[in-house]
Protein chains: 2
Amino acid sequence: MSETKDKIVALADRLVRTKGFNAFSYKDISGPLEIKNAAVHYHFPAKADLGVEIVDQDIAKFIAQTNKWKSLPEEEQLVKLTEVFRRHSKEGNICLMGSLAPDFETLEPAMQAKVQEMASGILAWLTRCLEEGRKKKRIHFKGAANTRALIIISNLQASLLLSRVMGPSAFRHIAEQLLDDLRHK
Amino acid sequence: MSETKDKIVALADRLVRTKGFNAFSYKDISGPLEIKNAAVHYHFPAKADLGVEIVDQDIAKFIAQTNKWKSLPEEEQLVKLTEVFRRHSKEGNICLMGSLAPDFETLEPAMQAKVQEMASGILAWLTRCLEEGRKKKRIHFKGAANTRALIIISNLQASLLLSRVMGPSAFRHIAEQLLDDLRHK
DNA sequence: TTGTTTACTTACTACTAAGTAAGTATATTT
DNA sequence: AAATATACTTACTTAGTAGTAAGTAAACAA
């Protein structure tokens, strides 16, 4: 991939997380990168092509990260997961899911499918992490691992959203209590 | 308020929840209501004026609803709260907070303030509900009531978002587990 | 009856969006 | 050396956006 293409995706990723997919324009990209509007269209003919690429790279990043944590105990893997979100929180970013879900109905089918792929990937990983952790009695929770994974993901996602409105302490409190809930019986 | 003005706010409320505030236009309102674009501007000169009115009415609705539940035991009040969200889930709506938070940075200061007012209002109500419930040993949870309220709100909010992407069962599972967590020690 | 307010419509402006066709400079291959 | 591919720019179209100025018909008030 060319250098410019990389820069476009990186900046677009940030724009999606800060403004939303429908709220940023090719001008928001061509301006700061000092290229022309048409240059962005050269690399990504339609905006949906750019959107798919952003989600694709995010999926790849998630897989790469979770692979690095593979040998850690499950509760440590969960801490790592919240740290990823904490980093986003600090930068004022929200997670891709939290940003794309509200606009979901307005997205092209190809992008909708990519977002669903991302969601089910994250959920599958977290479900297995919780199941393994409970089996080893390192993590404690009630109900199905699948449901608990849904709760945790939705919590982390929404905490980034709430932090926007209520300040960064909202994220900190939620993340700490979530981990605490899972550590003790 | 005139009949037309009421219709505009009701339709705009639905549009915010389904498409997002920045993603709908005055044409989406004037078209279905069979009035002209300028008629919408007559009632709401700027889009932000319409946005403020939507949030204001939502705050008023929340206050009216919670007042009706005042005499119920706290755990019943929580059930009522999830029922409000369940109704939205069924209609494919997301909650106003979940819809406006991602676009928060792009909103006018007056709208930002209104959204913050709504958030702190909901949080204050839920915090008191949880505190009272715990005092009477009807509700059980660890940590500060304030933090627990944040977790529950963010869960309900995000579950509506996730339901968009993952289907309506996501909401059902999350809501049931949440109530179950609070009912038992 | 005249004046004024209400609730609009008509007809527009200024601007921004995504997207495209055709041209150009530079590097790479044949 | 000629042909081709890459990575753009220039200049444009089409279609939408929020917003406004001026006019109008009907209800109401003085």
# chains A, B, ... in the order shown; residues from 1 in each chain; ligands from 1
call {"tool": "calpha_fit_and_write", "arguments": {"fixed": "chain A", "moving": "chain B", "output": "mmCIF file with C-alpha atoms, in the first residue's frame"}}
result
data_model
loop_
_atom_site.group_PDB
_atom_site.id
_atom_site.type_symbol
_atom_site.label_atom_id
_atom_site.label_comp_id
_atom_site.auth_asym_id
_atom_site.auth_seq_id
_atom_site.Cartn_x
_atom_site.Cartn_y
_atom_site.Cartn_z
ATOM 1 C CA MET B 1 -0.057 -0.034 -0.040
ATOM 2 C CA SER B 2 1.196 3.450 -0.874
ATOM 3 C CA GLU B 3 2.130 5.932 1.797
ATOM 4 C CA THR B 4 -0.734 8.230 0.868
ATOM 5 C CA LYS B 5 -3.259 5.402 1.017
ATOM 6 C CA ASP B 6 -2.050 4.527 4.516
ATOM 7 C CA LYS B 7 -2.363 8.132 5.629
ATOM 8 C CA ILE B 8 -5.881 8.362 4.231
ATOM 9 C CA VAL B 9 -7.050 5.280 6.130
ATOM 10 C CA ALA B 10 -5.366 6.398 9.367
ATOM 11 C CA LEU B 11 -6.945 9.850 9.216
ATOM 12 C CA ALA B 12 -10.329 8.488 8.148
ATOM 13 C CA ASP B 13 -10.240 6.027 11.056
ATOM 14 C CA ARG B 14 -9.745 8.921 13.437
ATOM 15 C CA LEU B 15 -12.508 10.936 11.741
ATOM 16 C CA VAL B 16 -14.990 8.062 11.992
ATOM 17 C CA ARG B 17 -14.295 7.762 15.705
ATOM 18 C CA THR B 18 -14.492 11.475 16.442
ATOM 19 C CA LYS B 19 -17.177 12.734 14.037
ATOM 20 C CA GLY B 20 -18.933 9.643 12.695
ATOM 21 C CA PHE B 21 -18.866 8.062 9.250
ATOM 22 C CA ASN B 22 -21.534 10.240 7.650
ATOM 23 C CA ALA B 23 -20.294 13.427 9.291
ATOM 24 C CA PHE B 24 -16.831 13.555 7.749
ATOM 25 C CA SER B 25 -16.171 14.364 4.118
ATOM 26 C CA TYR B 26 -13.354 13.739 1.658
ATOM 27 C CA LYS B 27 -12.385 17.367 2.191
ATOM 28 C CA ASP B 28 -11.596 16.566 5.843
ATOM 29 C CA ILE B 29 -9.040 14.137 4.453
ATOM 30 C CA SER B 30 -7.689 15.977 1.411
ATOM 31 C CA GLY B 31 -7.225 19.201 3.375
ATOM 32 C CA PRO B 32 -4.899 18.024 6.186
ATOM 33 C CA LEU B 33 -3.010 15.613 3.900
ATOM 34 C CA GLU B 34 -2.568 18.424 1.350
ATOM 35 C CA ILE B 35 -3.800 16.365 -1.567
ATOM 36 C CA LYS B 36 -6.810 16.922 -3.797
ATOM 37 C CA ASN B 37 -10.289 15.569 -3.303
ATOM 38 C CA ALA B 38 -9.904 13.407 -6.410
ATOM 39 C CA ALA B 39 -6.761 11.783 -5.011
ATOM 40 C CA VAL B 40 -8.859 10.278 -2.232
ATOM 41 C CA HIS B 41 -11.310 9.016 -4.824
ATOM 42 C CA TYR B 42 -8.406 7.526 -6.746
ATOM 43 C CA HIS B 43 -7.584 5.239 -3.822
ATOM 44 C CA PHE B 44 -11.162 4.751 -2.637
ATOM 45 C CA PRO B 45 -13.641 5.319 -5.497
ATOM 46 C CA ALA B 46 -16.649 5.403 -3.162
ATOM 47 C CA LYS B 47 -16.818 6.382 0.489
ATOM 48 C CA ALA B 48 -18.055 2.882 1.317
ATOM 49 C CA ASP B 49 -14.779 1.451 -0.049
ATOM 50 C CA LEU B 50 -12.905 3.578 2.458
ATOM 51 C CA GLY B 51 -15.299 2.496 5.187
ATOM 52 C CA VAL B 52 -14.771 -1.188 4.472
ATOM 53 C CA GLU B 53 -10.987 -0.710 4.539
ATOM 54 C CA ILE B 54 -11.165 1.037 7.927
ATOM 55 C CA VAL B 55 -13.204 -1.770 9.475
ATOM 56 C CA ASP B 56 -11.002 -4.413 7.852
ATOM 57 C CA GLN B 57 -7.841 -2.912 9.335
ATOM 58 C CA ASP B 58 -9.541 -2.682 12.713
ATOM 59 C CA ILE B 59 -10.467 -6.372 12.605
ATOM 60 C CA ALA B 60 -6.876 -7.231 11.708
ATOM 61 C CA LYS B 61 -5.561 -5.115 14.602
ATOM 62 C CA PHE B 62 -7.915 -6.824 17.054
ATOM 63 C CA ILE B 63 -6.805 -10.281 15.923
ATOM 64 C CA ALA B 64 -3.129 -9.289 16.164
ATOM 65 C CA GLN B 65 -3.579 -7.901 19.684
ATOM 66 C CA THR B 66 -5.558 -10.808 21.096
ATOM 67 C CA ASN B 67 -3.005 -13.251 19.659
ATOM 68 C CA LYS B 68 -0.278 -11.507 21.647
ATOM 69 C CA TRP B 69 -2.259 -12.069 24.859
ATOM 70 C CA LYS B 70 -2.900 -15.758 24.201
ATOM 71 C CA SER B 71 -0.600 -17.104 26.902
ATOM 72 C CA LEU B 72 -1.796 -14.725 29.638
ATOM 73 C CA PRO B 73 -4.309 -15.825 32.283
ATOM 74 C CA GLU B 74 -7.859 -14.922 31.261
ATOM 75 C CA GLU B 75 -8.379 -12.154 33.797
ATOM 76 C CA GLU B 76 -5.196 -10.504 32.508
ATOM 77 C CA GLN B 77 -6.505 -10.709 28.978
ATOM 78 C CA LEU B 78 -9.606 -8.846 30.117
ATOM 79 C CA VAL B 79 -7.445 -6.160 31.702
ATOM 80 C CA LYS B 80 -5.615 -5.844 28.377
ATOM 81 C CA LEU B 81 -8.942 -5.431 26.607
ATOM 82 C CA THR B 82 -10.044 -2.610 28.895
ATOM 83 C CA GLU B 83 -6.648 -0.997 28.399
ATOM 84 C CA VAL B 84 -7.289 -0.818 24.672
ATOM 85 C CA PHE B 85 -10.523 1.006 25.395
ATOM 86 C CA ARG B 86 -8.861 3.203 28.017
ATOM 87 C CA ARG B 87 -6.331 4.350 25.432
ATOM 88 C CA HIS B 88 -9.149 5.295 23.091
ATOM 89 C CA SER B 89 -10.908 7.086 25.918
ATOM 90 C CA LYS B 90 -7.831 9.193 26.601
ATOM 91 C CA GLU B 91 -7.583 10.239 22.966
ATOM 92 C CA GLY B 92 -11.256 11.209 22.856
ATOM 93 C CA ASN B 93 -11.914 8.415 20.371
ATOM 94 C CA ILE B 94 -14.889 6.139 20.576
ATOM 95 C CA CYS B 95 -14.703 2.562 19.382
ATOM 96 C CA LEU B 96 -15.584 1.790 15.781
ATOM 97 C CA MET B 97 -18.654 -0.219 16.762
ATOM 98 C CA GLY B 98 -19.992 2.620 18.902
ATOM 99 C CA SER B 99 -19.444 5.018 16.068
ATOM 100 C CA LEU B 100 -20.843 2.903 13.235
ATOM 101 C CA ALA B 101 -23.794 1.257 14.999
ATOM 102 C CA PRO B 102 -25.948 4.428 15.234
ATOM 103 C CA ASP B 103 -25.479 5.055 11.508
ATOM 104 C CA PHE B 104 -25.855 1.372 10.690
ATOM 105 C CA GLU B 105 -29.078 1.759 8.685
ATOM 106 C CA THR B 106 -27.505 4.423 6.483
ATOM 107 C CA LEU B 107 -24.480 2.282 5.590
ATOM 108 C CA GLU B 108 -24.036 0.378 2.336
ATOM 109 C CA PRO B 109 -24.659 -3.394 2.550
ATOM 110 C CA ALA B 110 -20.948 -4.151 2.108
ATOM 111 C CA MET B 111 -20.091 -1.957 5.093
ATOM 112 C CA GLN B 112 -22.944 -3.360 7.171
ATOM 113 C CA ALA B 113 -21.581 -6.843 6.587
ATOM 114 C CA LYS B 114 -18.084 -5.790 7.646
ATOM 115 C CA VAL B 115 -19.388 -4.196 10.842
ATOM 116 C CA GLN B 116 -21.282 -7.392 11.644
ATOM 117 C CA GLU B 117 -18.128 -9.398 10.995
ATOM 118 C CA MET B 118 -16.238 -7.207 13.464
ATOM 119 C CA ALA B 119 -18.970 -7.466 16.103
ATOM 120 C CA SER B 120 -19.238 -11.235 15.981
ATOM 121 C CA GLY B 121 -15.451 -11.590 15.985
ATOM 122 C CA ILE B 122 -15.013 -9.544 19.154
ATOM 123 C CA LEU B 123 -17.930 -11.319 20.791
ATOM 124 C CA ALA B 124 -16.594 -14.770 19.938
ATOM 125 C CA TRP B 125 -13.176 -13.950 21.390
ATOM 126 C CA LEU B 126 -14.610 -12.523 24.605
ATOM 127 C CA THR B 127 -17.051 -15.400 25.040
ATOM 128 C CA ARG B 128 -14.230 -17.943 24.834
ATOM 129 C CA CYS B 129 -12.072 -15.890 27.163
ATOM 130 C CA LEU B 130 -14.850 -15.796 29.767
ATOM 131 C CA GLU B 131 -15.646 -19.498 29.402
ATOM 132 C CA GLU B 132 -12.021 -20.545 29.798
ATOM 133 C CA GLY B 133 -11.578 -18.201 32.742
ATOM 134 C CA ARG B 134 -14.619 -19.582 34.521
ATOM 135 C CA LYS B 135 -13.529 -23.140 33.902
ATOM 136 C CA LYS B 136 -10.210 -22.345 35.602
ATOM 137 C CA LYS B 137 -12.051 -20.460 38.374
ATOM 138 C CA ARG B 138 -10.095 -17.320 37.620
ATOM 139 C CA ILE B 139 -13.206 -15.390 36.561
ATOM 140 C CA HIS B 140 -16.635 -15.436 38.206
ATOM 141 C CA PHE B 141 -19.970 -14.487 36.714
ATOM 142 C CA LYS B 142 -23.580 -15.616 36.518
ATOM 143 C CA GLY B 143 -25.421 -16.764 33.393
ATOM 144 C CA ALA B 144 -24.197 -17.701 29.929
ATOM 145 C CA ALA B 145 -20.716 -16.644 28.827
ATOM 146 C CA ASN B 146 -22.196 -15.409 25.591
ATOM 147 C CA THR B 147 -24.597 -13.052 27.377
ATOM 148 C CA ARG B 148 -21.904 -11.888 29.793
ATOM 149 C CA ALA B 149 -19.662 -11.120 26.820
ATOM 150 C CA LEU B 150 -22.452 -9.043 25.282
ATOM 151 C CA ILE B 151 -22.826 -7.108 28.531
ATOM 152 C CA ILE B 152 -19.118 -6.393 28.849
ATOM 153 C CA ILE B 153 -18.716 -5.329 25.219
ATOM 154 C CA SER B 154 -21.755 -3.090 25.356
ATOM 155 C CA ASN B 155 -20.478 -1.588 28.586
ATOM 156 C CA LEU B 156 -17.042 -0.761 27.245
ATOM 157 C CA GLN B 157 -18.535 0.601 24.071
ATOM 158 C CA ALA B 158 -21.127 2.772 25.774
ATOM 159 C CA SER B 159 -18.712 3.973 28.424
ATOM 160 C CA LEU B 160 -16.688 5.671 25.698
ATOM 161 C CA LEU B 161 -19.865 7.346 24.443
ATOM 162 C CA LEU B 162 -20.913 8.418 27.925
ATOM 163 C CA SER B 163 -17.436 9.773 28.604
ATOM 164 C CA ARG B 164 -17.939 12.225 25.772
ATOM 165 C CA VAL B 165 -21.018 13.614 27.435
ATOM 166 C CA MET B 166 -20.130 13.199 31.096
ATOM 167 C CA GLY B 167 -16.364 13.482 31.161
ATOM 168 C CA PRO B 168 -13.570 10.888 31.237
ATOM 169 C CA SER B 169 -14.230 9.765 34.808
ATOM 170 C CA ALA B 170 -17.292 7.873 33.546
ATOM 171 C CA PHE B 171 -15.075 5.465 31.634
ATOM 172 C CA ARG B 172 -12.683 4.931 34.554
ATOM 173 C CA HIS B 173 -15.453 4.114 37.006
ATOM 174 C CA ILE B 174 -17.231 1.716 34.676
ATOM 175 C CA ALA B 175 -14.086 -0.160 33.640
ATOM 176 C CA GLU B 176 -12.875 -0.596 37.218
ATOM 177 C CA GLN B 177 -16.214 -1.851 38.485
ATOM 178 C CA LEU B 178 -16.558 -4.244 35.559
ATOM 179 C CA LEU B 179 -13.194 -5.880 36.263
ATOM 180 C CA ASP B 180 -13.933 -5.969 39.975
ATOM 181 C CA ASP B 181 -17.253 -7.728 39.328
ATOM 182 C CA LEU B 182 -15.501 -10.468 37.389
ATOM 183 C CA ARG B 183 -12.626 -10.952 39.807
ATOM 184 C CA HIS B 184 -14.687 -11.676 42.920
ATOM 185 C CA LYS B 185 -17.487 -14.150 43.504
#
call {"tool": "interface_residues", "arguments": {"of": "chain D", "to": "chain A", "cutoff": "9 Å", "atoms": "only C-alpha atoms (C1' of nucleotides)", "output": "list in words"}}
result
DA7, DC8 and DT9 of chain D
call {"tool": "write_last_selection", "arguments": {"atoms": "C-alpha atoms (C1' of nucleotides)", "output": "tab-separated table (two decimals), in the first residue's frame"}}
result
chain	number	residue	atom	x	y	z
D	7	DA	C1'	-0.18	8.41	-8.39
D	8	DC	C1'	-1.81	11.98	-8.67
D	9	DT	C1'	-4.08	17.26	-10.31
call {"tool": "select_by_dssp", "arguments": {"residues": "segment 21-102 of chain A", "states": "helix (DSSP H, G or I)", "output": "ChimeraX atom specification"}}
result
/A:26-33,37-43,47-68,74-90,96-100
call {"tool": "residues_around", "arguments": {"residues": "DT6 of chain D", "least_positions_apart": "6", "cutoff": "10 Å", "atoms": "only C-alpha atoms (C1' of nucleotides)", "output": "list in words"}}
result
DT26, DA27 and DT28 of chain C
call {"tool": "residues_around", "arguments": {"residues": "DT29 of chain C", "least_positions_apart": "6", "cutoff": "9 Å", "atoms": "only C-alpha atoms (C1' of nucleotides)", "output": "list of chain:residue names"}}
result
D:DA3, D:DT4, D:DA5
call {"tool": "write_last_selection", "arguments": {"atoms": "N, CA and C atoms (P, O5', C5', C4', C3', O3' and C1' of nucleotides)", "output": "PDB file, in the first residue's frame"}}
result
ATOM      1  P    DA D   3       5.476   3.310 -28.774  1.00  0.00           P
ATOM      2  O5'  DA D   3       5.141   2.551 -27.407  1.00  0.00           O
ATOM      3  C5'  DA D   3       5.382   1.139 -27.311  1.00  0.00           C
ATOM      4  C4'  DA D   3       4.883   0.617 -25.984  1.00  0.00           C
ATOM      5  C3'  DA D   3       3.456   1.031 -25.623  1.00  0.00           C
ATOM      6  O3'  DA D   3       2.760  -0.117 -25.154  1.00  0.00           O
ATOM      7  C1'  DA D   3       4.946   1.662 -23.879  1.00  0.00           C
ATOM      8  P    DT D   4       1.247  -0.092 -24.748  1.00  0.00           P
ATOM      9  O5'  DT D   4       1.355  -0.044 -23.159  1.00  0.00           O
ATOM     10  C5'  DT D   4       2.247  -0.957 -22.496  1.00  0.00           C
ATOM     11  C4'  DT D   4       2.325  -0.624 -21.028  1.00  0.00           C
ATOM     12  C3'  DT D   4       0.992  -0.229 -20.387  1.00  0.00           C
ATOM     13  O3'  DT D   4       0.822  -1.022 -19.229  1.00  0.00           O
ATOM     14  C1'  DT D   4       2.689   1.284 -19.761  1.00  0.00           C
ATOM     15  P    DA D   5      -0.610  -1.304 -18.628  1.00  0.00           P
ATOM     16  O5'  DA D   5      -0.350  -1.031 -17.089  1.00  0.00           O
ATOM     17  C5'  DA D   5       0.839  -1.535 -16.484  1.00  0.00           C
ATOM     18  C4'  DA D   5       1.249  -0.652 -15.321  1.00  0.00           C
ATOM     19  C3'  DA D   5       0.094  -0.240 -14.403  1.00  0.00           C
ATOM     20  O3'  DA D   5       0.488  -0.549 -13.070  1.00  0.00           O
ATOM     21  C1'  DA D   5       1.339   1.672 -15.054  1.00  0.00           C
TER      22       DA D   5
END
call {"tool": "closest_atom_pairs", "arguments": {"of": "chain C", "to": "chain A", "cutoff": "12 Å", "atoms": "only C-alpha atoms (C1' of nucleotides)", "output": "CSV"}}
result
residue,atom,partner,partner_atom,distance
C:DT16,C1',A:Ser25,CA,9.2
C:DA17,C1',A:Ser25,CA,7.3
C:DA18,C1',A:Ala46,CA,7.8
C:DG19,C1',A:Ala46,CA,7.6
C:DT20,C1',A:Ala38,CA,8.8
C:DA21,C1',A:Ala38,CA,11.2
call {"tool": "write_last_selection", "arguments": {"atoms": "N, CA and C atoms (P, O5', C5', C4', C3', O3' and C1' of nucleotides)", "output": "PDB file, in the first residue's frame"}}
result
ATOM      1  P    DT C  16     -18.619  25.690   2.524  1.00  0.00           P
ATOM      2  O5'  DT C  16     -18.936  24.126   2.502  1.00  0.00           O
ATOM      3  C5'  DT C  16     -20.049  23.611   3.226  1.00  0.00           C
ATOM      4  C4'  DT C  16     -20.432  22.254   2.652  1.00  0.00           C
ATOM      5  C3'  DT C  16     -19.214  21.395   2.268  1.00  0.00           C
ATOM      6  O3'  DT C  16     -19.241  20.200   3.021  1.00  0.00           O
ATOM      7  C1'  DT C  16     -20.893  21.369   0.577  1.00  0.00           C
ATOM      8  P    DA C  17     -18.072  19.146   2.846  1.00  0.00           P
ATOM      9  O5'  DA C  17     -18.776  17.907   2.146  1.00  0.00           O
ATOM     10  C5'  DA C  17     -20.037  17.439   2.604  1.00  0.00           C
ATOM     11  C4'  DA C  17     -20.623  16.477   1.588  1.00  0.00           C
ATOM     12  C3'  DA C  17     -19.581  15.638   0.870  1.00  0.00           C
ATOM     13  O3'  DA C  17     -19.422  14.413   1.572  1.00  0.00           O
ATOM     14  C1'  DA C  17     -21.115  16.596  -0.694  1.00  0.00           C
ATOM     15  P    DA C  18     -18.234  13.443   1.105  1.00  0.00           P
ATOM     16  O5'  DA C  18     -18.822  12.749  -0.201  1.00  0.00           O
ATOM     17  C5'  DA C  18     -20.023  11.991  -0.126  1.00  0.00           C
ATOM     18  C4'  DA C  18     -20.411  11.537  -1.517  1.00  0.00           C
ATOM     19  C3'  DA C  18     -19.407  10.586  -2.163  1.00  0.00           C
ATOM     20  O3'  DA C  18     -20.109   9.518  -2.784  1.00  0.00           O
ATOM     21  C1'  DA C  18     -19.699  12.522  -3.528  1.00  0.00           C
ATOM     22  P    DG C  19     -19.333   8.295  -3.419  1.00  0.00           P
ATOM     23  O5'  DG C  19     -19.009   8.779  -4.894  1.00  0.00           O
ATOM     24  C5'  DG C  19     -20.100   9.079  -5.761  1.00  0.00           C
ATOM     25  C4'  DG C  19     -19.586   9.737  -7.022  1.00  0.00           C
ATOM     26  C3'  DG C  19     -18.420   9.013  -7.708  1.00  0.00           C
ATOM     27  O3'  DG C  19     -18.849   8.621  -8.997  1.00  0.00           O
ATOM     28  C1'  DG C  19     -18.090  11.342  -7.688  1.00  0.00           C
ATOM     29  P    DT C  20     -18.000   7.631  -9.915  1.00  0.00           P
ATOM     30  O5'  DT C  20     -17.578   8.587 -11.141  1.00  0.00           O
ATOM     31  C5'  DT C  20     -18.508   9.536 -11.630  1.00  0.00           C
ATOM     32  C4'  DT C  20     -17.825  10.388 -12.693  1.00  0.00           C
ATOM     33  C3'  DT C  20     -16.723   9.668 -13.491  1.00  0.00           C
ATOM     34  O3'  DT C  20     -16.860  10.017 -14.858  1.00  0.00           O
ATOM     35  C1'  DT C  20     -15.865  11.646 -12.603  1.00  0.00           C
ATOM     36  P    DA C  21     -16.408   9.006 -15.997  1.00  0.00           P
ATOM     37  O5'  DA C  21     -16.142   9.952 -17.237  1.00  0.00           O
ATOM     38  C5'  DA C  21     -16.593  11.312 -17.236  1.00  0.00           C
ATOM     39  C4'  DA C  21     -15.523  12.198 -17.864  1.00  0.00           C
ATOM     40  C3'  DA C  21     -14.505  11.452 -18.733  1.00  0.00           C
ATOM     41  O3'  DA C  21     -14.216  12.268 -19.860  1.00  0.00           O
ATOM     42  C1'  DA C  21     -13.364  12.589 -17.024  1.00  0.00           C
TER      43       DA C  21
END
call {"tool": "atom_distance", "arguments": {"atom1": "atom C1' of DG16 of chain D", "atom2": "atom C1' of DT9 of chain C"}}
result
20.9 Å
call {"tool": "residues_around", "arguments": {"residues": "segment 20-30 of chain D", "least_positions_apart": "3", "cutoff": "9 Å", "atoms": "only C-alpha atoms (C1' of nucleotides)", "output": "MDAnalysis selection string"}}
result
(chainID B and resid 38) or (chainID C and resid 2:6 8:10 12:13)
